[in-house]
>>> print(open('data.txt').read())   # compact mmCIF, C-alpha atoms and all ligand atoms
# COMPACT_ATOMS: atom_id res chain seq x y z
CA MET X 8 122.09 104.24 1.84
CA ILE X 9 121.20 100.60 1.44
CA ASP X 10 122.09 97.50 3.48
CA LYS X 11 123.51 94.22 2.15
CA VAL X 12 120.36 92.15 2.70
CA THR X 13 118.29 94.65 0.73
CA ILE X 14 120.88 94.72 -2.08
CA ILE X 15 120.40 90.96 -2.47
CA LYS X 16 116.64 91.50 -2.87
CA THR X 17 116.89 94.47 -5.24
CA THR X 18 119.52 92.65 -7.32
CA ARG X 19 117.23 89.65 -7.66
CA MET X 20 114.38 91.98 -8.66
CA SER X 21 116.58 93.74 -11.24
CA GLU X 22 117.33 90.32 -12.76
CA GLU X 23 113.61 89.52 -12.95
CA ILE X 24 113.09 92.85 -14.74
CA THR X 25 115.96 92.14 -17.15
CA LYS X 26 114.31 88.86 -18.22
CA LYS X 27 111.37 90.91 -19.50
CA TYR X 28 113.17 94.07 -20.52
CA PRO X 29 117.00 94.14 -20.76
CA LEU X 30 118.38 97.01 -18.67
CA ARG X 31 121.56 98.93 -19.35
CA PRO X 32 124.07 98.67 -16.45
CA THR X 33 123.49 102.29 -15.32
CA ILE X 34 119.73 101.75 -15.02
CA LYS X 35 120.10 98.32 -13.40
CA ASN X 36 122.42 99.84 -10.81
CA ALA X 37 119.92 102.59 -9.93
CA ILE X 38 117.24 99.91 -9.38
CA ILE X 39 119.62 97.90 -7.20
CA GLN X 40 120.50 100.99 -5.11
CA THR X 41 116.83 101.80 -4.34
CA ASN X 42 115.17 100.09 -1.37
CA ARG X 43 111.62 99.49 -2.68
CA GLU X 44 110.32 98.22 0.69
CA VAL X 45 110.45 101.75 2.08
CA PHE X 46 107.97 102.95 -0.58
CA VAL X 47 105.38 100.21 -0.05
CA PRO X 48 102.75 100.27 2.76
CA LEU X 49 103.80 98.14 5.77
CA VAL X 50 101.10 95.50 5.22
CA MET X 51 102.38 94.89 1.68
CA ARG X 52 106.11 94.79 2.36
CA HIS X 53 106.23 91.05 1.59
CA ASN X 54 105.22 91.94 -2.00
CA ALA X 55 107.70 94.81 -2.37
CA TYR X 56 109.95 92.96 -4.83
CA ARG X 57 107.26 91.53 -7.09
CA LEU X 58 106.90 93.15 -10.50
CA ASP X 59 103.46 94.54 -9.59
CA ALA X 60 101.91 97.94 -8.91
CA LEU X 61 100.60 98.22 -5.31
CA PRO X 62 98.06 100.58 -3.68
CA ILE X 63 99.56 103.43 -1.60
CA GLY X 64 96.38 105.18 -0.39
CA ALA X 65 94.43 108.15 -1.79
CA GLN X 66 93.39 105.73 -4.59
CA GLN X 67 96.89 105.89 -6.04
CA PHE X 68 99.54 103.27 -6.80
CA ILE X 69 103.27 102.77 -6.66
CA SER X 70 104.11 101.75 -10.24
CA SER X 71 105.43 98.28 -10.98
CA PRO X 72 109.25 98.18 -10.80
CA LEU X 73 109.22 96.91 -14.40
CA THR X 74 107.38 100.08 -15.48
CA VAL X 75 109.71 102.30 -13.44
CA ALA X 76 112.77 100.61 -14.96
CA LYS X 77 111.43 101.04 -18.49
CA MET X 78 110.44 104.68 -18.03
CA THR X 79 113.88 105.36 -16.54
CA GLN X 80 115.68 103.70 -19.46
CA TYR X 81 113.47 105.51 -22.01
CA LEU X 82 114.62 108.81 -20.45
CA SER X 83 118.25 108.09 -21.46
CA PRO X 84 119.49 109.74 -18.26
CA GLU X 85 123.20 109.14 -18.85
CA GLY X 86 125.18 112.38 -18.62
CA CYS X 87 122.18 114.55 -17.66
CA ASP X 88 121.93 117.12 -14.88
CA SER X 89 118.24 117.64 -14.09
CA VAL X 90 114.90 115.84 -14.40
CA LEU X 91 111.35 116.91 -13.60
CA GLU X 92 108.81 114.22 -12.65
CA ILE X 93 105.03 114.85 -12.70
CA GLY X 94 103.29 112.52 -10.22
CA CYS X 95 105.63 111.73 -7.30
CA GLY X 96 103.17 109.31 -5.62
CA SER X 97 105.15 107.06 -3.26
CA GLY X 98 108.42 108.62 -4.45
CA TYR X 99 109.91 105.34 -5.72
CA GLN X 100 110.44 106.57 -9.30
CA ALA X 101 112.04 109.79 -8.03
CA ALA X 102 114.34 107.77 -5.75
CA VAL X 103 115.52 105.65 -8.70
CA LEU X 104 116.14 108.84 -10.71
CA SER X 105 118.13 110.34 -7.81
CA HIS X 106 120.90 107.79 -8.51
CA LEU X 107 121.14 108.90 -12.15
CA PHE X 108 120.64 112.68 -12.12
CA ARG X 109 122.43 115.36 -10.12
CA ARG X 110 119.08 117.02 -9.34
CA VAL X 111 115.56 115.54 -9.30
CA PHE X 112 112.45 117.75 -9.14
CA THR X 113 109.16 115.99 -8.48
CA ILE X 114 105.62 117.37 -8.24
CA GLU X 115 102.56 115.73 -6.65
CA ARG X 116 98.99 117.12 -6.51
CA ILE X 117 97.97 115.16 -3.35
CA GLU X 118 99.74 116.78 -0.42
CA SER X 119 99.36 113.80 1.97
CA LEU X 120 101.23 111.53 -0.47
CA LEU X 121 104.00 114.07 -0.86
CA ILE X 122 104.45 114.43 2.90
CA GLU X 123 105.02 110.66 3.13
CA ALA X 124 107.35 110.64 0.10
CA LYS X 125 109.46 113.44 1.61
CA GLU X 126 109.80 111.45 4.84
CA ARG X 127 111.09 108.47 2.82
CA PHE X 128 113.65 110.62 0.98
CA ARG X 129 114.88 111.97 4.35
CA HIS X 130 115.10 108.46 5.80
CA LEU X 131 117.11 107.23 2.78
CA LYS X 132 119.27 110.40 2.80
CA LEU X 133 118.38 111.19 -0.83
CA GLY X 134 119.30 114.87 -0.55
CA ASN X 135 119.11 115.70 -4.27
CA ILE X 136 115.31 115.31 -4.61
CA HIS X 137 113.29 118.54 -4.53
CA THR X 138 109.52 118.30 -4.04
CA ARG X 139 106.53 120.53 -4.66
CA THR X 140 102.77 120.22 -4.07
CA ASP X 141 101.12 121.54 -7.21
CA ASP X 142 99.35 120.58 -10.40
CA GLY X 143 102.37 119.28 -12.29
CA GLN X 144 100.90 120.50 -15.58
CA ASN X 145 102.33 123.91 -14.55
CA GLY X 146 105.86 122.50 -14.53
CA TRP X 147 108.40 124.20 -12.24
CA GLU X 148 109.45 127.43 -13.91
CA GLN X 149 112.04 128.37 -11.29
CA TYR X 150 114.35 125.44 -12.11
CA ALA X 151 113.67 125.20 -15.86
CA PRO X 152 114.95 124.25 -18.34
CA PHE X 153 115.18 120.55 -17.49
CA ASP X 154 117.27 118.02 -19.41
CA ARG X 155 114.50 115.46 -19.03
CA ILE X 156 110.81 115.47 -18.06
CA LEU X 157 108.85 112.38 -17.02
CA PHE X 158 105.10 112.00 -16.63
CA SER X 159 104.24 109.26 -14.11
CA ALA X 160 100.50 109.61 -14.92
CA SER X 161 98.87 109.59 -18.32
CA ALA X 162 98.15 112.88 -20.10
CA ARG X 163 95.44 113.71 -22.64
CA ALA X 164 97.93 116.15 -24.13
CA ILE X 165 101.25 117.64 -23.02
CA PRO X 166 100.83 121.31 -22.01
CA GLN X 167 102.99 123.68 -24.09
CA LYS X 168 104.40 125.04 -20.79
CA LEU X 169 106.22 121.76 -20.26
CA PHE X 170 107.76 121.76 -23.73
CA ASP X 171 108.87 125.34 -22.98
CA GLN X 172 110.55 124.08 -19.78
CA LEU X 173 112.43 121.33 -21.67
CA ARG X 174 116.03 122.12 -22.61
CA GLU X 175 117.04 122.19 -26.28
CA GLY X 176 118.03 118.60 -27.11
CA GLY X 177 115.93 117.39 -24.16
CA ILE X 178 113.58 114.39 -23.94
CA LEU X 179 110.10 114.21 -22.38
CA ILE X 180 108.59 110.76 -21.76
CA ALA X 181 104.86 110.46 -21.08
CA PRO X 182 102.00 107.98 -21.23
CA VAL X 183 99.55 109.69 -23.58
CA GLU X 184 95.91 108.82 -24.23
CA ARG X 185 95.25 107.74 -27.84
CA GLY X 186 91.60 106.80 -28.29
CA ARG X 187 90.93 103.94 -25.89
CA GLU X 188 94.62 103.19 -25.44
CA GLN X 189 97.49 104.78 -23.63
CA VAL X 190 100.90 104.80 -25.26
CA ILE X 191 104.29 105.68 -23.81
CA THR X 192 105.48 108.48 -26.05
CA ARG X 193 108.93 110.03 -26.40
CA PHE X 194 109.01 113.74 -27.29
CA THR X 195 112.36 115.21 -28.37
CA LYS X 196 113.13 118.93 -28.69
CA GLN X 197 115.49 119.69 -31.59
CA GLY X 198 115.98 123.15 -33.07
CA GLY X 199 113.06 124.35 -30.95
CA LYS X 200 110.74 121.80 -32.60
CA ILE X 201 109.09 118.81 -30.90
CA THR X 202 109.11 115.42 -32.60
CA GLU X 203 107.39 112.40 -31.10
CA ASP X 204 107.60 108.64 -31.36
CA VAL X 205 105.38 106.02 -29.80
CA LEU X 206 107.21 103.38 -27.75
CA GLU X 207 104.57 100.98 -26.40
CA VAL X 208 101.03 100.55 -25.06
CA CYS X 209 100.78 101.10 -21.30
CA ASP X 210 98.40 101.48 -18.33
CA PHE X 211 98.90 104.44 -15.95
CA VAL X 212 96.52 106.37 -13.69
CA PRO X 213 95.34 109.58 -15.38
CA ILE X 214 96.64 113.11 -14.77
CA VAL X 215 94.02 114.98 -12.74
CA ASP X 216 93.70 118.78 -12.60
CA GLY X 217 94.21 120.80 -9.41
CA VAL X 218 95.67 120.22 -5.94
CA VAL X 219 94.36 118.26 -2.90
CA ARG X 220 95.46 119.71 0.46
N1 LIG X 301 105.87 107.84 -9.54
C1 LIG X 301 104.94 107.20 -8.66
C2 LIG X 301 103.69 106.73 -9.38
C3 LIG X 301 102.47 107.30 -8.76
S1 LIG X 301 100.96 107.11 -9.63
C4 LIG X 301 105.59 106.10 -7.86
O1 LIG X 301 106.73 105.72 -8.18
O2 LIG X 301 105.01 105.63 -6.91
C5 LIG X 301 100.76 108.73 -10.34
C6 LIG X 301 100.73 109.92 -9.41
O3 LIG X 301 100.46 111.07 -10.20
C7 LIG X 301 99.65 109.88 -8.33
O4 LIG X 301 100.24 110.01 -7.06
C8 LIG X 301 98.76 111.09 -8.66
O5 LIG X 301 98.24 111.74 -7.52
C9 LIG X 301 99.74 111.99 -9.40
N2 LIG X 301 99.12 113.00 -10.26
C10 LIG X 301 98.03 112.90 -11.04
N3 LIG X 301 97.75 114.07 -11.65
C11 LIG X 301 98.73 114.95 -11.25
C12 LIG X 301 98.98 116.33 -11.53
N4 LIG X 301 98.20 117.04 -12.34
N5 LIG X 301 100.05 116.90 -10.95
C13 LIG X 301 100.86 116.19 -10.10
N6 LIG X 301 100.66 114.90 -9.80
C14 LIG X 301 99.59 114.28 -10.36
>>> encode(input="data.txt", output="structure tokens", more="lines below")
Ligand code: SAH
Amino acid sequence: MIDKVTIIKTTRMSEEITKKYPLRPTIKNAIIQTNREVFVPLVMRHNAYRLDALPIGAQQFISSPLTVAKMTQYLSPEGCDSVLEIGCGSGYQAAVLSHLFRRVFTIERIESLLIEAKERFRHLKLGNIHTRTDDGQNGWEQYAPFDRILFSASARAIPQKLFDQLREGGILIAPVERGREQVITRFTKQGGKITEDVLEVCDFVPIVDGVVR
């Protein structure tokens, strides 16, 4: 649910993104349908449509909308049923995905952030997002296999469990640490084997072990 004034703002933001990274119409539409203001702390609402990451508390950040748009497009969500996100944070990325997938599963290790994200999903009536407080490196066995998996924090390595929870033909996108750099990496599962290709250098917060309640 989104009002006309907000659509004007999200449309303008999607055009700013497209100048830097051309979006396919399906992805652009998901960005336009997602009210970013709701995911940003009140005192920063005036910056909600800038292409910047912003602090959300617990020393975490809502990713820049440019990053969210890119990660979403890299997932190639068209025609997919389910996606698992590791690192729900504010919930903005999950909300964008909810316009592209029938079911979104998102895991966050910091319970206080997840409580706030769930409230936002309720407010926006995004009924197809399922949340869980856990270390996302465990995946979510109950709903596996997933068509797509997205890491919203950077991994030293992808746990085998997550490749096991990826459907045959599925894609997993993750920022991965390579020496001093992080690179967005696309892992594809074909014939039970994982192949990977590096997409671009990036800057995400790291994956941290364990849960904070
Ligand atoms: N997708 C978010 C980005 C949040 S930043 C958004 O759109 O706002 C990355 C998030 O990953 C942080 O909230 C951090 O707490 C979370 N995170 C880090 N390690 C994790 C882990 N092992 N399991 C689940 N979440 C984790």
>>> atom_distance(input="data.txt", atom1="CA of Glu184 (chain X)", atom2="CA of Arg163 (chain X)")
5.2 Å
>>> closest_residue(input="data.txt", among="X:Thr17, X:Ser159, X:Ser105, X:Ser119", to="ligand LIG 301 (chain X)", atoms="only C-alpha atoms and all ligand atoms")
X:Ser159
>>> closest_atom_pairs(input="data.txt", of="chain X", to="ligand LIG 301 (chain X)", cutoff="7 Å", atoms="only C-alpha atoms and all ligand atoms", output="CSV")
residue,atom,partner,partner_atom,distance
X:Gln67,CA,X:LIG301,C7,5.4
X:Phe68,CA,X:LIG301,S1,5.0
X:Ile69,CA,X:LIG301,O2,3.4
X:Ser70,CA,X:LIG301,C2,5.1
X:Val75,CA,X:LIG301,O1,6.9
X:Ile93,CA,X:LIG301,C13,5.1
X:Gly94,CA,X:LIG301,O3,3.2
X:Cys95,CA,X:LIG301,N1,4.5
X:Gly96,CA,X:LIG301,O4,3.3
X:Ser97,CA,X:LIG301,O2,3.9
X:Gly98,CA,X:LIG301,O1,5.0
X:Tyr99,CA,X:LIG301,O1,4.0
X:Gln100,CA,X:LIG301,O1,4.0
X:Ala101,CA,X:LIG301,N1,6.6
X:Ile114,CA,X:LIG301,C13,5.2
X:Glu115,CA,X:LIG301,N6,3.8
X:Arg116,CA,X:LIG301,C13,4.2
X:Ile117,CA,X:LIG301,O5,5.4
X:Leu120,CA,X:LIG301,O4,6.8
X:Asp141,CA,X:LIG301,N5,6.1
X:Asp142,CA,X:LIG301,N5,3.8
X:Gly143,CA,X:LIG301,N5,3.6
X:Gln144,CA,X:LIG301,N4,5.5
X:Ser159,CA,X:LIG301,N1,5.1
X:Ala160,CA,X:LIG301,C5,4.7
X:Val212,CA,X:LIG301,C5,5.9
X:Pro213,CA,X:LIG301,C10,6.1
X:Ile214,CA,X:LIG301,N3,3.4
X:Val215,CA,X:LIG301,N3,4.0
X:Asp216,CA,X:LIG301,N4,4.8
X:Gly217,CA,X:LIG301,N4,6.2
>>> residues_near_point(input="data.txt", point="(108.9, 92.6, -1.0)", cutoff="9 Å", atoms="all atoms listed in the file", output="NGL selection string")
:X and (16 or 43-44 or 47 or 51-57)
>>> atom_distance(input="data.txt", atom1="CA of His137 (chain X)", atom2="CA of Arg110 (chain X)")
7.7 Å
>>> atom_distance(input="data.txt", atom1="CA of Ala37 (chain X)", atom2="CA of Thr202 (chain X)")
28.2 Å
